[in-house]
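Student: I am attaching a structure below and will ask some questions about it afterwards.
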Amino acid sequence: MSIFRGFAAVLHKETIQIRRDTFALFLILVLPMFQLLMFGYAIDTKVRNIRTAVYNLDKSRASREILDAFTNTDYFEIVRFAESDRELNDLIISGRVKVGIKIPPDYSKHILNGRQATVLVLIDGSDSSIASRAINASTAVGLRRSLQQLALNQFAQAKMLPIEVRPKMLFNPDMRSANFMVPGLIAIILQIITTFLTAFSIVRERERGTLEQLLVTPIKPLGLMLGKLTPYCVISFLEMCSVLVIMRIIFLVPISGNLLLLLLTTIPFLFTALGMGLFISTIAKNQVQAMQMAYFVILPSILLSGFMFPRGSMPVVMQWVAYFIPATYFIEIMRGIVLRGAGFLQLWPNVLALVIMGGFILGVSTFRFQKRLG
């Protein structure tokens, strides 16, 4: 039929074209399977291994038994032992732990004398999924230990439970989902925008034929990289300011910490995310490859950074993968400043990680481009 004239010829041509671009074919066929295996293995909606710090003022056998009861639930993982209330609070504010357990000095004495003993559980409310599970699990621990004490007949005449676990929600007592989701969503949006902005940068120059013009100029590779990054960084910074206004006015998310610190710590994140896109553009030969490789960066940023799923519930290998994702650190910075009122002393490890990562990516991108010049 005339309407199908030329079909066989075009089909033959496109088949040959696809076979020639083996790298794009690899990205299309292999990457989806790899991502399915990686994310299917990593993502687990069950909350467990919540990073927990302990301030034990009693240090008796009874206090160790209730701490064992917490860890045996598989929900709490004790990673730090604090020596003061201030240290315990700093650990929670910095995000290094999500739960703090404080056992008073008279805990075992009250149990021996048949009086009610209390345990204070401080919970980071900036992560609503972890917070709700921590409340339920800690309350269940107190009830279970109380029933065990009653079974020993030490509290046969008691009118109250022998052990009271008192959960105290910090930073987001109402557990508003917007307070938890919006700061993390801002980090993800910026990661996506910045990666796509620069992923097409050098690829676009190559396809338009202007890359050859740059090659004959005295521009140094580092100057070229910084020159391409800086305008996009300014645009992304303005985007950051606009989404913060929307977060505050539309979603009513209060900024508990220092706004200037939040804006300053945004800069190393933007340079790192933009650098990742620029690195992609030094590898990809065309815009299709650049887009596919950008998605390979973006999906882990959404699923492994702690934005949607707790990183503590992921396999150890996937937790290590998350350390190489810029959004992982910026989400901690966003939630730390916006929700917990954290300062630079609590957040400097995340800032330092972004600075090191950004410098490394920029150096590799510059080296690759210099190699192309040679």
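Residues are referred to by chain and number: the chain letter is A, B, ... according to the order shown in the structure tokens, the number counts from 1 in that chain, and ligands are numbered separately from 1 in the order shown.
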Within range 69-212 of chain A, find each residue whose DSSP state, derived from the backbone, is alpha helix (DSSP H), and express the selection as an MDAnalysis selection string.
Tutor: chainID A and resid 69:72 85:93 107:112 128:151 177:199 201:208 211:212
Student: Could you pull out the strand (DSSP E or B) residues of range 106-242 of chain A from DSSP and send them as a PyMOL selection string?
Tutor: chain A and resi 117-124+163-170
Student: Could you give me, as a PyMOL selection string, the residues within 8 Å of range 87-102 of chain A, counting only C-alpha atoms and dropping anything in the same chain fewer than 5 positions from it?
Tutor: chain A and resi 50-57+79+82+119-124+130+134+332+336+340-342+346-347
Student: If you keep N, CA and C atoms, can you produce a file of those selected residues as a PDB file, in the first residue's frame?
Tutor:
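Writing the result to out.pdb gives the following:
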```pdb
ATOM      1  N   ILE A  50      16.629   2.086  64.235  1.00  0.00           N
ATOM      2  CA  ILE A  50      16.611   3.531  64.449  1.00  0.00           C
ATOM      3  C   ILE A  50      17.829   3.906  65.285  1.00  0.00           C
ATOM      4  N   ARG A  51      18.641   4.815  64.765  1.00  0.00           N
ATOM      5  CA  ARG A  51      19.864   5.221  65.468  1.00  0.00           C
ATOM      6  C   ARG A  51      19.487   5.875  66.801  1.00  0.00           C
ATOM      7  N   THR A  52      20.021   5.318  67.886  1.00  0.00           N
ATOM      8  CA  THR A  52      19.602   5.695  69.240  1.00  0.00           C
ATOM      9  C   THR A  52      20.826   6.000  70.101  1.00  0.00           C
ATOM     10  N   ALA A  53      20.687   7.053  70.908  1.00  0.00           N
ATOM     11  CA  ALA A  53      21.706   7.386  71.914  1.00  0.00           C
ATOM     12  C   ALA A  53      21.124   7.170  73.302  1.00  0.00           C
ATOM     13  N   VAL A  54      21.982   6.816  74.258  1.00  0.00           N
ATOM     14  CA  VAL A  54      21.540   6.495  75.618  1.00  0.00           C
ATOM     15  C   VAL A  54      22.296   7.359  76.617  1.00  0.00           C
ATOM     16  N   TYR A  55      21.542   7.928  77.551  1.00  0.00           N
ATOM     17  CA  TYR A  55      22.137   8.638  78.691  1.00  0.00           C
ATOM     18  C   TYR A  55      21.689   7.890  79.940  1.00  0.00           C
ATOM     19  N   ASN A  56      22.530   6.988  80.410  1.00  0.00           N
ATOM     20  CA  ASN A  56      22.179   6.093  81.518  1.00  0.00           C
ATOM     21  C   ASN A  56      22.805   6.611  82.806  1.00  0.00           C
ATOM     22  N   LEU A  57      21.977   7.192  83.682  1.00  0.00           N
ATOM     23  CA  LEU A  57      22.449   7.702  84.964  1.00  0.00           C
ATOM     24  C   LEU A  57      22.398   6.649  86.060  1.00  0.00           C
ATOM     25  N   VAL A  79      23.812   3.468  69.176  1.00  0.00           N
ATOM     26  CA  VAL A  79      25.080   3.793  68.514  1.00  0.00           C
ATOM     27  C   VAL A  79      25.937   4.749  69.325  1.00  0.00           C
ATOM     28  N   ALA A  82      25.692   8.972  75.702  1.00  0.00           N
ATOM     29  CA  ALA A  82      25.926  10.367  76.077  1.00  0.00           C
ATOM     30  C   ALA A  82      26.328  10.454  77.539  1.00  0.00           C
ATOM     31  N   VAL A 119      11.304   6.085  82.414  1.00  0.00           N
ATOM     32  CA  VAL A 119      12.344   6.178  81.385  1.00  0.00           C
ATOM     33  C   VAL A 119      11.876   7.221  80.378  1.00  0.00           C
ATOM     34  N   LEU A 120      12.730   8.203  80.112  1.00  0.00           N
ATOM     35  CA  LEU A 120      12.399   9.259  79.160  1.00  0.00           C
ATOM     36  C   LEU A 120      12.948   8.893  77.788  1.00  0.00           C
ATOM     37  N   VAL A 121      12.085   8.967  76.779  1.00  0.00           N
ATOM     38  CA  VAL A 121      12.479   8.668  75.398  1.00  0.00           C
ATOM     39  C   VAL A 121      12.254   9.923  74.563  1.00  0.00           C
ATOM     40  N   LEU A 122      13.348  10.541  74.118  1.00  0.00           N
ATOM     41  CA  LEU A 122      13.289  11.735  73.271  1.00  0.00           C
ATOM     42  C   LEU A 122      13.310  11.299  71.814  1.00  0.00           C
ATOM     43  N   ILE A 123      12.326  11.773  71.040  1.00  0.00           N
ATOM     44  CA  ILE A 123      12.149  11.309  69.667  1.00  0.00           C
ATOM     45  C   ILE A 123      12.231  12.496  68.718  1.00  0.00           C
ATOM     46  N   ASP A 124      13.024  12.338  67.677  1.00  0.00           N
ATOM     47  CA  ASP A 124      13.155  13.363  66.638  1.00  0.00           C
ATOM     48  C   ASP A 124      11.905  13.342  65.768  1.00  0.00           C
ATOM     49  N   ILE A 130       9.569   7.571  61.177  1.00  0.00           N
ATOM     50  CA  ILE A 130      10.386   7.021  62.257  1.00  0.00           C
ATOM     51  C   ILE A 130       9.801   7.378  63.607  1.00  0.00           C
ATOM     52  N   ALA A 134       8.757   4.851  66.565  1.00  0.00           N
ATOM     53  CA  ALA A 134       9.524   4.910  67.814  1.00  0.00           C
ATOM     54  C   ALA A 134       8.597   5.066  69.008  1.00  0.00           C
ATOM     55  N   GLU A 332      19.643  16.292  55.085  1.00  0.00           N
ATOM     56  CA  GLU A 332      19.968  16.418  56.513  1.00  0.00           C
ATOM     57  C   GLU A 332      20.134  17.879  56.905  1.00  0.00           C
ATOM     58  N   GLY A 336      17.590  19.637  59.306  1.00  0.00           N
ATOM     59  CA  GLY A 336      18.265  20.062  60.526  1.00  0.00           C
ATOM     60  C   GLY A 336      18.002  21.524  60.839  1.00  0.00           C
ATOM     61  N   ARG A 340      14.829  21.264  63.164  1.00  0.00           N
ATOM     62  CA  ARG A 340      15.470  21.073  64.460  1.00  0.00           C
ATOM     63  C   ARG A 340      16.217  22.301  64.947  1.00  0.00           C
ATOM     64  N   GLY A 341      16.317  23.335  64.123  1.00  0.00           N
ATOM     65  CA  GLY A 341      17.039  24.541  64.525  1.00  0.00           C
ATOM     66  C   GLY A 341      18.516  24.300  64.710  1.00  0.00           C
ATOM     67  N   ALA A 342      19.079  23.383  63.935  1.00  0.00           N
ATOM     68  CA  ALA A 342      20.489  23.044  64.068  1.00  0.00           C
ATOM     69  C   ALA A 342      21.374  24.185  63.576  1.00  0.00           C
ATOM     70  N   GLN A 346      26.514  21.581  64.422  1.00  0.00           N
ATOM     71  CA  GLN A 346      25.853  20.285  64.289  1.00  0.00           C
ATOM     72  C   GLN A 346      25.863  19.770  62.848  1.00  0.00           C
ATOM     73  N   LEU A 347      25.990  20.671  61.880  1.00  0.00           N
ATOM     74  CA  LEU A 347      25.820  20.276  60.480  1.00  0.00           C
ATOM     75  C   LEU A 347      27.117  20.280  59.672  1.00  0.00           C
TER      76      LEU A 347
END
```
Student: Which residues are near Asn286 in chain A? Cut-off 8 Å, only C-alpha atoms, ignore same chain within fewer than 4 positions. Put them as a PDB file with N, CA and C atoms, in the first residue's frame.
Tutor:
```
ATOM      1  N   VAL A 203      27.267  18.685  25.874  1.00  0.00           N
ATOM      2  CA  VAL A 203      26.642  17.923  24.793  1.00  0.00           C
ATOM      3  C   VAL A 203      26.001  18.868  23.786  1.00  0.00           C
ATOM      4  N   ARG A 204      25.334  19.896  24.276  1.00  0.00           N
ATOM      5  CA  ARG A 204      24.712  20.874  23.395  1.00  0.00           C
ATOM      6  C   ARG A 204      25.763  21.613  22.573  1.00  0.00           C
ATOM      7  N   GLU A 207      26.863  19.222  19.779  1.00  0.00           N
ATOM      8  CA  GLU A 207      25.883  19.024  18.728  1.00  0.00           C
ATOM      9  C   GLU A 207      25.704  20.270  17.859  1.00  0.00           C
ATOM     10  N   ALA A 290      22.702  11.766  27.550  1.00  0.00           N
ATOM     11  CA  ALA A 290      22.782  12.636  28.726  1.00  0.00           C
ATOM     12  C   ALA A 290      21.526  12.520  29.576  1.00  0.00           C
TER      13      ALA A 290
END
```
Student: So that each row is one residue of range 269-324 of chain A with an atom at most 10 Å from range 227-250 of chain A, can you give its shortest atom pair and the distance in Å to one decimal, using only C-alpha atoms, rows by chain and rising number, as CSV?
Tutor:
```
residue,atom,partner,partner_atom,distance
A:Phe269,CA,A:Cys233,CA,9.8
A:Leu270,CA,A:Cys233,CA,6.2
A:Phe271,CA,A:Cys233,CA,6.6
A:Thr272,CA,A:Leu229,CA,9.9
A:Ala273,CA,A:Cys233,CA,9.5
A:Leu274,CA,A:Leu229,CA,6.6
A:Gly275,CA,A:Leu229,CA,7.3
A:Gly277,CA,A:Leu229,CA,9.7
A:Leu278,CA,A:Leu229,CA,8.0
```
